[in-house]
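Heads up, target_37.cif below (mmCIF, C-alpha atoms):
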```
data_final
#
loop_
_atom_site.label_atom_id
_atom_site.label_comp_id
_atom_site.auth_asym_id
_atom_site.auth_seq_id
_atom_site.Cartn_x
_atom_site.Cartn_y
_atom_site.Cartn_z
CA MET A 1 -104.32 -27.62 78.85
CA ASP A 2 -101.82 -25.21 80.47
CA ILE A 3 -99.16 -26.15 82.99
CA TYR A 4 -101.18 -24.86 85.96
CA LEU A 5 -104.05 -27.21 85.17
CA GLN A 6 -101.68 -30.12 84.69
CA LYS A 7 -100.27 -29.54 88.15
CA PHE A 8 -103.75 -29.08 89.66
CA LYS A 9 -104.96 -32.35 88.15
CA ALA A 10 -101.93 -34.09 89.64
CA LEU A 11 -103.02 -33.10 93.18
CA PRO A 12 -104.80 -35.68 95.36
CA LYS A 13 -108.53 -35.91 94.54
CA GLU A 14 -109.59 -34.65 97.96
CA LEU A 15 -107.60 -31.42 97.46
CA GLN A 16 -109.08 -30.87 93.99
CA GLU A 17 -112.62 -31.49 95.18
CA ALA A 18 -112.19 -29.23 98.22
CA VAL A 19 -112.15 -26.18 95.93
CA SER A 20 -114.07 -27.37 92.86
CA SER A 21 -117.34 -28.70 94.28
CA GLU A 22 -120.62 -27.22 93.04
CA GLU A 23 -120.92 -25.25 96.29
CA LYS A 24 -117.41 -23.78 95.89
CA ILE A 25 -117.99 -22.91 92.23
CA LYS A 26 -121.11 -20.93 93.17
CA ALA A 27 -119.28 -19.20 96.03
CA LEU A 28 -116.40 -18.26 93.73
CA ASP A 29 -118.85 -16.93 91.14
CA GLU A 30 -120.39 -14.62 93.78
CA ILE A 31 -116.95 -13.39 94.88
CA GLU A 32 -115.95 -12.73 91.25
CA LYS A 33 -119.10 -10.67 90.70
CA LYS A 34 -118.57 -8.72 93.91
CA TYR A 35 -114.98 -7.72 93.03
CA ASN A 36 -115.44 -7.75 89.23
CA LEU A 37 -112.47 -10.11 88.87
CA LYS A 38 -111.77 -13.52 87.31
CA LEU A 39 -110.33 -15.68 90.07
CA ALA A 40 -110.52 -19.30 88.91
CA LYS A 41 -106.90 -19.42 87.74
CA LEU A 42 -105.80 -17.74 90.96
CA VAL A 43 -107.49 -20.56 92.93
CA ILE A 44 -105.61 -23.15 90.89
CA ARG A 45 -102.26 -21.38 91.30
CA LEU A 46 -102.76 -21.16 95.06
CA MET A 47 -103.61 -24.85 95.25
CA ILE A 48 -100.47 -25.90 93.37
CA LYS A 49 -98.49 -23.35 95.44
CA ASP A 50 -97.26 -21.44 92.42
CA ILE A 51 -98.52 -18.49 94.50
CA LEU A 52 -97.95 -18.91 98.24
CA TRP A 53 -100.80 -18.07 100.60
CA ASP A 54 -98.62 -15.70 102.64
CA ASN A 55 -97.82 -13.72 99.47
CA LEU A 56 -101.44 -13.45 98.30
CA GLU A 57 -102.09 -9.86 99.47
CA LYS A 58 -99.04 -8.56 97.64
CA PHE A 59 -100.00 -10.56 94.53
CA LEU A 60 -103.53 -9.10 94.55
CA GLU A 61 -102.20 -5.56 94.91
CA GLU A 62 -99.66 -5.91 92.10
CA ASN A 63 -101.65 -8.00 89.60
CA PHE A 64 -105.26 -6.99 90.23
CA LYS A 65 -104.44 -3.40 91.22
CA LEU A 66 -106.38 -3.69 94.52
CA THR A 67 -105.76 -1.42 97.47
CA ASN A 68 -104.20 -3.08 100.50
CA GLU A 69 -107.58 -2.87 102.27
CA LYS A 70 -109.40 -4.60 99.40
CA ALA A 71 -106.66 -7.24 99.06
CA ILE A 72 -106.99 -8.13 102.76
CA GLU A 73 -110.78 -8.26 102.43
CA LEU A 74 -110.66 -10.52 99.36
CA LYS A 75 -108.09 -12.83 100.96
CA LYS A 76 -110.37 -13.19 103.99
CA GLU A 77 -113.36 -14.08 101.79
CA LEU A 78 -111.36 -16.65 99.86
CA SER A 79 -110.15 -18.16 103.13
CA GLU A 80 -113.68 -18.46 104.55
CA LYS A 81 -115.66 -19.44 101.45
CA ILE A 82 -113.27 -21.26 99.11
CA PHE A 83 -110.23 -22.56 101.00
CA ASN A 84 -111.83 -23.23 104.39
CA GLU A 85 -111.22 -26.99 104.06
CA VAL A 86 -107.59 -26.71 102.96
CA MET A 87 -106.15 -23.81 104.95
CA GLY A 88 -103.72 -26.11 106.77
CA TYR A 89 -102.42 -27.37 103.41
CA LEU A 90 -102.12 -23.84 101.94
CA LYS A 91 -100.18 -22.50 104.92
CA GLU A 92 -97.62 -25.30 104.75
CA ILE A 93 -94.43 -23.95 103.20
CA PRO A 94 -93.20 -26.65 100.81
CA LYS A 95 -89.57 -27.72 100.86
CA THR A 96 -87.58 -26.76 97.77
CA GLU A 97 -87.68 -30.26 96.33
CA GLU A 98 -91.46 -30.43 96.87
CA MET A 99 -92.21 -27.16 95.08
CA PRO A 100 -94.24 -27.57 91.89
CA SER A 101 -91.96 -27.69 88.83
CA LEU A 102 -93.09 -24.37 87.38
CA ILE A 103 -90.88 -21.57 86.15
CA ASN A 104 -92.16 -18.46 87.88
CA ILE A 105 -91.89 -15.82 85.18
CA THR A 106 -91.44 -13.03 87.73
CA GLN A 107 -88.15 -14.58 88.84
CA GLN A 108 -86.74 -14.61 85.30
CA LYS A 109 -88.54 -11.62 83.76
CA ASP A 110 -85.66 -9.15 84.12
CA GLU A 111 -83.25 -11.48 82.32
CA ILE A 112 -85.78 -12.25 79.58
CA ILE A 113 -86.64 -8.58 79.02
CA GLU A 114 -82.97 -7.56 78.95
CA GLU A 115 -82.26 -10.32 76.43
CA ILE A 116 -85.09 -9.04 74.19
CA LYS A 117 -83.75 -5.47 74.34
CA LYS A 118 -80.26 -6.67 73.51
CA LYS A 119 -81.33 -8.82 70.55
CA PHE A 120 -83.39 -6.05 68.97
CA GLY A 121 -81.13 -3.14 69.90
CA LEU A 122 -83.84 -1.38 71.89
CA VAL A 123 -82.68 1.82 73.55
CA PHE A 124 -85.40 4.03 75.00
CA GLU A 125 -85.19 7.80 75.26
CA ASP A 126 -86.31 7.88 78.88
CA GLU A 127 -87.09 5.69 81.89
CA ILE A 128 -90.86 6.05 81.36
CA LEU A 129 -90.73 4.33 77.95
CA GLU A 130 -88.36 1.66 79.21
CA LYS A 131 -90.65 0.88 82.12
CA ARG A 132 -93.62 0.84 79.72
CA PHE A 133 -91.86 -1.77 77.56
CA ASN A 134 -91.05 -3.90 80.62
CA ASN A 135 -94.69 -3.76 81.77
CA ILE A 136 -96.03 -4.72 78.32
CA ILE A 137 -93.82 -7.82 78.10
CA GLU A 138 -94.47 -8.82 81.70
CA SER A 139 -98.24 -8.42 81.22
CA TYR A 140 -98.10 -10.78 78.25
CA PHE A 141 -96.32 -13.50 80.22
CA LYS A 142 -98.71 -13.08 83.15
CA GLU A 143 -101.64 -13.41 80.70
CA ILE A 144 -102.96 -9.97 81.65
CA LYS A 145 -102.69 -9.00 77.96
CA ASN A 146 -103.17 -11.34 74.99
CA GLU A 147 -101.15 -11.42 71.75
CA ILE A 148 -103.29 -8.86 69.93
CA GLN A 149 -103.20 -6.39 72.84
CA THR A 150 -99.43 -6.81 73.28
CA GLU A 151 -98.73 -6.26 69.59
CA GLU A 152 -100.98 -3.21 69.59
CA MET A 153 -99.19 -1.69 72.60
CA LEU A 154 -95.79 -2.18 70.96
CA SER A 155 -97.03 -0.59 67.71
CA ARG A 156 -99.29 2.26 68.82
CA SER A 157 -98.17 5.86 69.22
CA LYS A 158 -96.20 6.90 72.30
CA LYS A 159 -98.75 9.66 72.84
CA ILE A 160 -101.49 7.12 73.56
CA GLY A 161 -99.54 4.73 75.77
CA GLY A 162 -97.64 2.71 73.16
CA LEU A 163 -94.00 2.42 72.12
CA GLU A 164 -94.27 3.18 68.38
CA LEU A 165 -91.74 0.48 67.44
CA PRO A 166 -91.09 -0.30 63.74
CA LYS A 167 -93.14 -3.14 62.28
CA GLU A 168 -90.15 -5.45 61.74
CA LYS A 169 -89.12 -5.12 65.40
CA VAL A 170 -92.68 -5.68 66.61
CA ASP A 171 -92.93 -8.81 64.45
CA GLY A 172 -89.62 -10.12 65.77
CA ILE A 173 -90.47 -9.41 69.42
CA MET A 174 -93.89 -11.06 69.10
CA LYS A 175 -92.36 -14.13 67.47
CA MET A 176 -89.82 -14.35 70.26
CA ILE A 177 -92.15 -13.95 73.23
CA LYS A 178 -94.73 -16.33 71.77
CA LYS A 179 -92.00 -18.94 71.44
CA ILE A 180 -90.78 -18.36 75.00
CA LYS A 181 -94.30 -18.50 76.43
CA LYS A 182 -95.10 -21.66 74.50
CA ASN A 183 -91.97 -23.26 75.90
CA LEU A 184 -92.80 -22.12 79.43
CA ASP A 185 -96.35 -23.49 79.12
CA SER A 186 -95.42 -26.86 77.67
CA SER A 187 -92.40 -28.90 76.65
CA PHE A 188 -89.81 -26.34 77.71
CA ILE A 189 -90.65 -26.84 81.38
CA GLN A 190 -88.98 -30.21 81.85
CA GLU A 191 -88.21 -32.06 85.03
CA LYS A 192 -84.72 -33.51 85.33
CA LYS A 193 -84.34 -36.30 87.82
CA THR A 194 -81.21 -36.29 89.96
CA GLU A 195 -80.22 -37.96 93.20
CA GLY A 196 -81.04 -34.77 95.01
CA GLY A 197 -84.55 -34.50 93.55
CA THR A 198 -86.16 -32.52 90.72
CA ILE A 199 -84.48 -29.48 89.16
CA LEU A 200 -85.68 -27.07 86.50
CA SER A 201 -84.28 -26.28 83.07
CA SER A 202 -81.64 -23.58 83.29
CA PHE A 203 -81.84 -20.06 81.93
CA LYS A 204 -79.13 -21.02 79.45
CA GLU A 205 -81.72 -23.18 77.67
CA LEU A 206 -84.13 -20.22 77.69
CA LYS A 207 -81.50 -18.08 75.98
CA GLU A 208 -81.04 -20.77 73.34
CA ALA A 209 -84.78 -20.72 72.67
CA ILE A 210 -84.60 -16.93 72.28
CA GLU A 211 -81.64 -17.10 69.88
CA GLU A 212 -83.42 -19.70 67.76
CA THR A 213 -86.53 -17.53 67.58
CA VAL A 214 -84.71 -14.36 66.57
CA ASP A 215 -83.31 -16.10 63.48
CA TYR A 216 -86.54 -15.98 61.49
CA GLU A 217 -86.33 -15.71 57.69
CA LEU A 218 -88.69 -15.16 54.81
CA LYS A 219 -87.84 -18.58 53.33
CA LYS A 220 -89.18 -20.34 56.40
CA VAL A 221 -92.40 -18.33 56.34
CA LYS A 222 -92.95 -19.11 52.64
CA LYS A 223 -92.24 -22.78 53.25
CA GLU A 224 -94.86 -22.94 56.00
CA GLU A 225 -97.41 -21.16 53.83
CA LYS A 226 -96.74 -23.55 50.97
CA LYS A 227 -97.19 -26.53 53.28
CA ASP A 228 -100.74 -25.43 54.01
CA GLU A 229 -101.72 -25.61 50.34
CA ILE A 230 -103.29 -29.08 50.21
CA PRO A 231 -104.60 -30.19 46.79
CA VAL A 232 -108.32 -30.95 46.82
CA GLN A 233 -109.92 -33.56 44.59
CA ILE A 234 -113.35 -32.58 43.35
CA LYS A 235 -115.78 -35.33 42.43
CA LYS A 236 -118.76 -34.63 40.27
CA PRO A 237 -121.82 -34.79 42.55
CA ILE A 238 -124.97 -36.64 41.65
CA SER A 239 -127.18 -33.67 42.48
CA ASP A 240 -127.26 -30.24 44.14
CA GLU A 241 -128.56 -31.91 47.28
CA LYS A 242 -125.44 -34.10 47.33
CA ILE A 243 -123.23 -30.99 47.16
CA VAL A 244 -124.77 -29.60 50.37
CA GLU A 245 -124.44 -32.95 52.08
CA ASP A 246 -120.75 -33.27 51.17
CA ILE A 247 -119.90 -29.75 52.34
CA SER A 248 -121.74 -29.95 55.66
CA PHE A 249 -120.66 -33.46 56.62
CA LYS A 250 -118.35 -33.71 59.61
CA PRO A 251 -117.34 -36.74 61.68
CA ARG A 252 -119.15 -36.61 64.99
CA ALA A 253 -116.97 -35.32 67.84
CA VAL A 254 -116.49 -37.44 70.93
CA GLY A 255 -117.44 -34.84 73.55
CA PRO A 256 -117.83 -31.10 74.28
CA ILE A 257 -114.06 -30.48 74.48
CA GLU A 258 -113.51 -32.02 71.04
CA GLU A 259 -116.54 -30.15 69.68
CA LEU A 260 -115.17 -26.83 70.92
CA LYS A 261 -111.77 -27.58 69.37
CA GLY A 262 -113.39 -28.27 66.00
CA ILE A 263 -115.66 -25.22 65.59
CA ASP A 264 -114.84 -23.48 62.32
CA LEU A 265 -116.13 -20.94 59.82
CA THR A 266 -118.43 -23.52 58.20
CA ASP A 267 -120.17 -24.07 61.55
CA LEU A 268 -120.52 -20.32 62.07
CA ARG A 269 -122.16 -19.86 58.68
CA ARG A 270 -124.37 -22.91 59.10
CA TRP A 271 -125.67 -22.00 62.55
CA GLY A 272 -125.45 -18.19 62.37
CA LYS A 273 -123.35 -16.01 64.67
CA ASP A 274 -125.86 -15.75 67.53
CA GLN A 275 -126.55 -19.46 67.74
CA THR A 276 -122.84 -20.33 67.38
CA MET A 277 -121.85 -18.02 70.24
CA GLU A 278 -124.69 -19.43 72.35
CA ILE A 279 -123.56 -23.01 71.67
CA ILE A 280 -119.95 -22.21 72.65
CA PHE A 281 -121.06 -20.33 75.77
CA GLU A 282 -123.37 -23.15 76.88
CA LYS A 283 -120.73 -25.85 76.35
CA ILE A 284 -118.20 -23.92 78.44
CA ASN A 285 -120.75 -23.27 81.20
CA LEU A 286 -121.80 -26.91 81.20
CA LEU A 287 -118.21 -28.00 81.82
CA ALA A 288 -117.73 -25.19 84.37
CA GLU A 289 -120.47 -26.81 86.47
CA GLU A 290 -118.25 -29.90 86.84
CA SER A 291 -115.16 -28.08 88.10
CA ILE A 292 -112.87 -25.08 87.73
CA PHE A 293 -110.30 -26.96 85.71
CA LYS A 294 -112.97 -28.34 83.35
CA LYS A 295 -114.00 -24.77 82.60
CA ALA A 296 -110.40 -23.82 81.88
CA GLU A 297 -109.98 -26.88 79.66
CA ALA A 298 -113.12 -25.86 77.73
CA ILE A 299 -111.86 -22.28 77.22
CA SER A 300 -108.50 -23.63 76.09
CA ALA A 301 -110.27 -25.92 73.60
CA TRP A 302 -112.28 -23.00 72.17
CA ARG A 303 -109.11 -20.92 71.84
CA SER A 304 -107.48 -23.68 69.80
CA SER A 305 -110.40 -23.94 67.36
CA PRO A 306 -110.10 -22.92 63.67
CA LEU A 307 -112.75 -20.23 64.18
CA PHE A 308 -110.92 -18.58 67.08
CA ASN A 309 -107.64 -18.74 65.16
CA LEU A 310 -109.25 -17.03 62.17
CA TYR A 311 -110.51 -14.29 64.53
CA LEU A 312 -106.95 -13.85 65.90
CA GLU A 313 -105.47 -13.80 62.41
CA ILE A 314 -107.81 -11.00 61.29
CA GLY A 315 -107.13 -8.97 64.44
CA GLN A 316 -103.36 -9.35 64.09
CA GLU A 317 -103.51 -8.40 60.41
CA ALA A 318 -105.38 -5.21 61.30
CA ILE A 319 -102.68 -4.29 63.82
CA LYS A 320 -99.78 -5.10 61.51
CA LYS A 321 -101.19 -3.18 58.57
CA LYS A 322 -102.55 -0.38 60.79
CA LYS A 323 -105.96 -0.63 59.16
CA ASN A 324 -109.43 -0.94 60.64
CA LEU A 325 -111.24 -4.26 60.69
CA ASN A 326 -113.62 -3.36 57.87
CA GLU A 327 -110.69 -2.65 55.55
CA ILE A 328 -109.00 -5.93 56.43
CA ILE A 329 -112.22 -7.92 55.92
CA GLU A 330 -112.82 -6.35 52.49
CA GLU A 331 -109.18 -6.94 51.56
CA ARG A 332 -109.43 -10.63 52.50
CA LYS A 333 -112.61 -10.97 50.44
CA ARG A 334 -110.86 -9.53 47.39
CA GLN A 335 -108.01 -11.99 47.90
CA ASN A 336 -110.51 -14.84 48.31
CA LEU A 337 -109.21 -15.59 51.82
CA PRO A 338 -111.37 -16.96 54.67
CA THR A 339 -112.76 -14.08 56.68
CA LEU A 340 -115.38 -13.00 59.20
CA GLU A 341 -117.97 -10.29 58.74
CA ILE A 342 -117.60 -7.37 61.14
CA ASP A 343 -120.67 -8.42 63.17
CA GLU A 344 -119.27 -11.97 63.46
CA PHE A 345 -115.92 -10.61 64.67
CA GLU A 346 -117.69 -8.45 67.27
CA ALA A 347 -119.78 -11.43 68.39
CA ILE A 348 -116.57 -13.34 69.17
CA VAL A 349 -115.14 -10.33 71.02
CA ASN A 350 -118.28 -10.22 73.20
CA LEU A 351 -118.18 -13.97 73.82
CA ASN A 352 -114.53 -13.79 74.92
CA ARG A 353 -115.40 -11.06 77.42
CA LYS A 354 -118.14 -13.27 78.90
CA ILE A 355 -115.98 -16.40 79.27
CA ARG A 356 -112.69 -14.81 80.25
CA PHE A 357 -110.99 -17.20 82.68
#
```

Reformat the file's structure so that it appears as structure tokens.
Amino acid sequence: MDIYLQKFKALPKELQEAVSSEEKIKALDEIEKKYNLKLAKLVIRLMIKDILWDNLEKFLEENFKLTNEKAIELKKELSEKIFNEVMGYLKEIPKTEEMPSLINITQQKDEIIEEIKKKFGLVFEDEILEKRFNNIIESYFKEIKNEIQTEEMLSRSKKIGGLELPKEKVDGIMKMIKKIKKNLDSSFIQEKKTEGGTILSSFKELKEAIEETVDYELKKVKKEEKKDEIPVQIKKPISDEKIVEDISFKPRAVGPIEELKGIDLTDLRRWGKDQTMEIIFEKINLLAEESIFKKAEAISAWRSSPLFNLYLEIGQEAIKKKKNLNEIIEERKRQNLPTLEIDEFEAIVNLNRKIRF
């Protein structure tokens, strides 16, 4: 679960329920369809005051690329249909010590981006390319672009909107920003108790995390790969029927979140791509009916599953090697590595579009 959800779940129950009732979920769904936007995370960030209500119009213009007129219109709809019970709470400006303990990436982005440029010796030939680089990195931290899209933008030709950086620099930058984002989303954001209240980790610690990430070596990569090689003991089965039983057996998961976390390639092949995607979609929708944060928790669980990670791995390999998906899939088959068929990969792409949070 990401830091926004953790903060949302820490709010008083009445505040959570004021925006996550069945009525509010339906209203939000209608607003999302009208504007063709995903707004659930925005609702959460407003409730935890990571985004202040008075700054919402500007946020909508900058992050959702809405005109000022549309931003005002959307803000009005959210006020009337989603936040009508909590407008007094949203308009309260929290004191510094009461602000949620979140590092707002926009406040630190310039320092982070400059540190990345410095570490990798990035000097751009003009302001357009430099601004393009800044936007790519910022979009990743704001979750506008995922890892695959970010890596592709850094690698692709300048003529088609990319930066055309060498593979080793792209690999290093991706390793660095993934580390920083992971730290921002989890253990890196630590609260330190003092007599004056709660303070955040300093940027000095962020720089240390960056320095540690830059120092990546082949030995470490090989060591991690070797660690994954777990010896398997094979027992002689009594019959062919027993073989199938042993392969397909899985301990029963506790609930839908655990089930989503555990979906893997074996499940996909057992159920078929269409049924697998339908099962995932239904489980996420079922949890979405309970509340906004349950939906986000379900999506997060799916994204941590072995099947989703295999999908990411194949996509990243295609970008790194600058080959199409079919070539990568055939290559993995020859190397006897786990892989998806092209129609299975596309099915996951389509599912992700449908459930995007």

*Give as JSON, numbers by chain the residues that the PyMOL selection byres ((chain A and resi 274) around 12) matches when applied to the coordinates above.*
{"A": [267, 268, 269, 270, 271, 272, 273, 275, 276, 277, 278, 279, 280, 281, 343, 344, 345, 346, 347, 348, 350, 351]}

Can I get the selection written as a CSV table (one decimal), in the coordinates of the input, with C-alpha atoms?
```csv
chain,number,residue,atom,x,y,z
A,267,ASP,CA,-120.2,-24.1,61.6
A,268,LEU,CA,-120.5,-20.3,62.1
A,269,ARG,CA,-122.2,-19.9,58.7
A,270,ARG,CA,-124.4,-22.9,59.1
A,271,TRP,CA,-125.7,-22.0,62.6
A,272,GLY,CA,-125.4,-18.2,62.4
A,273,LYS,CA,-123.4,-16.0,64.7
A,275,GLN,CA,-126.6,-19.5,67.7
A,276,THR,CA,-122.8,-20.3,67.4
A,277,MET,CA,-121.8,-18.0,70.2
A,278,GLU,CA,-124.7,-19.4,72.4
A,279,ILE,CA,-123.6,-23.0,71.7
A,280,ILE,CA,-120.0,-22.2,72.6
A,281,PHE,CA,-121.1,-20.3,75.8
A,343,ASP,CA,-120.7,-8.4,63.2
A,344,GLU,CA,-119.3,-12.0,63.5
A,345,PHE,CA,-115.9,-10.6,64.7
A,346,GLU,CA,-117.7,-8.4,67.3
A,347,ALA,CA,-119.8,-11.4,68.4
A,348,ILE,CA,-116.6,-13.3,69.2
A,350,ASN,CA,-118.3,-10.2,73.2
A,351,LEU,CA,-118.2,-14.0,73.8
```

_Test item: the PyMOL selection byres ((chain A and resi 329) around 12) resolved as a PyMOL selection string_ = chain A and resi 310-311+313-315+317-318+323-328+330-345

_Non-local contacts of Ile257 (chain A) (9 Å; all atoms listed in the file; under 2 positions in same chain excluded) as a list in words_ = Ala253, Val254, Gly255, Glu259, Leu260, Lys261, Gly262, Lys283, Ile284, Leu287, Glu297, Ala298, Ile299, Ser300, Ala301 and Trp302 of chain A

*Report as an MDAnalysis selection string the full result of the PyMOL selection byres ((chain A and resi 17) around 12) when it is applied to this structure.*
chainID A and resid 8:9 11:16 18:25 44 47 82:83 85:86 290:293

Take the residues from that selection and write them out as a CSV table (one decimal), keeping the file's coordinate frame, keeping C-alpha atoms.
```csv
chain,number,residue,atom,x,y,z
A,8,PHE,CA,-103.8,-29.1,89.7
A,9,LYS,CA,-105.0,-32.4,88.2
A,11,LEU,CA,-103.0,-33.1,93.2
A,12,PRO,CA,-104.8,-35.7,95.4
A,13,LYS,CA,-108.5,-35.9,94.5
A,14,GLU,CA,-109.6,-34.6,98.0
A,15,LEU,CA,-107.6,-31.4,97.5
A,16,GLN,CA,-109.1,-30.9,94.0
A,18,ALA,CA,-112.2,-29.2,98.2
A,19,VAL,CA,-112.2,-26.2,95.9
A,20,SER,CA,-114.1,-27.4,92.9
A,21,SER,CA,-117.3,-28.7,94.3
A,22,GLU,CA,-120.6,-27.2,93.0
A,23,GLU,CA,-120.9,-25.2,96.3
A,24,LYS,CA,-117.4,-23.8,95.9
A,25,ILE,CA,-118.0,-22.9,92.2
A,44,ILE,CA,-105.6,-23.2,90.9
A,47,MET,CA,-103.6,-24.8,95.2
A,82,ILE,CA,-113.3,-21.3,99.1
A,83,PHE,CA,-110.2,-22.6,101.0
A,85,GLU,CA,-111.2,-27.0,104.1
A,86,VAL,CA,-107.6,-26.7,103.0
A,290,GLU,CA,-118.2,-29.9,86.8
A,291,SER,CA,-115.2,-28.1,88.1
A,292,ILE,CA,-112.9,-25.1,87.7
A,293,PHE,CA,-110.3,-27.0,85.7
```

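One finds CA of Ser157 (chain A) at 17.1 Å from CA of Ile173 (chain A).
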
*So what do you get for CA of Asp54 (chain A) versus CA of Lys145 (chain A), distance-wise?*
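Separating CA of Asp54 (chain A) from CA of Lys145 (chain A) is a distance of 25.9 Å.
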
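CA of Val123 (chain A) sits 25.3 Å away from CA of Gln316 (chain A).
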
_Need to verify the contact set: Lys169 (chain A), 10 Å, all atoms listed in the file, exclusion of same-chain residues closer than 4 positions in sequence. Can you return it as an MDAnalysis selection string?_
chainID A and resid 120:122 154:155 165 173:175

_My list of candidates is A:Lys131, A:Lys142, A:Lys109, A:Lys321. Which is closest to Leu163 (chain A) when distances are computed with only C-alpha atoms?_
A:Lys131

*Which of these residues is nearest to Leu42 (chain A), using only C-alpha atoms: A:Val349, A:Leu265, A:Leu78, A:Leu129?*
A:Leu78

_Counting only C-alpha atoms, the option among A:Asn134, A:Asn285, A:Tyr4, A:Asn36 closest to Asp110 (chain A)_ =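 Using only C-alpha atoms, the shortest distance to Asp110 (chain A) belongs to A:Asn134.
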
*Which one of A:Lys38, A:Lys320, A:Arg353, A:Lys81 sits closest to Met153 (chain A) if you count all atoms listed in the file?*
A:Lys320

*Between A:Glu138, A:Asn146, A:Leu37, A:Lys49, which has the minimum distance to Leu66 (chain A) (counting all atoms listed in the file)?*
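When distances to Leu66 (chain A) are compared using all atoms listed in the file, the smallest one comes from A:Leu37.
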
Since the input lacks atoms, please generate N, CA and C atoms for region 170-185 of chain A and provide them as a compact mmCIF listing (two decimals), keeping the file's coordinate frame.
```
# COMPACT_ATOMS: atom_id res chain seq x y z
N VAL A 170 -91.48 -5.15 65.95
CA VAL A 170 -92.68 -5.68 66.61
C VAL A 170 -92.89 -7.14 66.22
N ASP A 171 -92.77 -7.43 64.93
CA ASP A 171 -92.93 -8.81 64.45
C ASP A 171 -91.93 -9.75 65.10
N GLY A 172 -90.68 -9.30 65.17
CA GLY A 172 -89.62 -10.12 65.77
C GLY A 172 -89.84 -10.35 67.25
N ILE A 173 -90.22 -9.29 67.97
CA ILE A 173 -90.47 -9.41 69.42
C ILE A 173 -91.63 -10.35 69.68
N MET A 174 -92.72 -10.20 68.91
CA MET A 174 -93.89 -11.06 69.10
C MET A 174 -93.53 -12.52 68.83
N LYS A 175 -92.78 -12.75 67.79
CA LYS A 175 -92.36 -14.13 67.47
C LYS A 175 -91.55 -14.71 68.62
N MET A 176 -90.67 -13.90 69.17
CA MET A 176 -89.82 -14.35 70.26
C MET A 176 -90.61 -14.67 71.52
N ILE A 177 -91.46 -13.74 71.95
CA ILE A 177 -92.15 -13.95 73.23
C ILE A 177 -93.21 -15.05 73.14
N LYS A 178 -93.78 -15.23 71.93
CA LYS A 178 -94.73 -16.33 71.77
C LYS A 178 -94.01 -17.67 71.90
N LYS A 179 -92.81 -17.73 71.34
CA LYS A 179 -92.00 -18.94 71.44
C LYS A 179 -91.62 -19.22 72.89
N ILE A 180 -91.18 -18.18 73.60
CA ILE A 180 -90.78 -18.36 75.00
C ILE A 180 -91.97 -18.82 75.83
N LYS A 181 -93.13 -18.16 75.64
CA LYS A 181 -94.30 -18.50 76.43
C LYS A 181 -94.76 -19.93 76.14
N LYS A 182 -94.71 -20.30 74.87
CA LYS A 182 -95.10 -21.66 74.50
C LYS A 182 -94.20 -22.67 75.21
N ASN A 183 -92.91 -22.36 75.23
CA ASN A 183 -91.97 -23.26 75.90
C ASN A 183 -92.22 -23.31 77.40
N LEU A 184 -92.53 -22.15 78.00
CA LEU A 184 -92.80 -22.12 79.43
C LEU A 184 -94.06 -22.90 79.77
N ASP A 185 -95.07 -22.84 78.87
CA ASP A 185 -96.35 -23.49 79.12
C ASP A 185 -96.35 -24.98 78.82
```
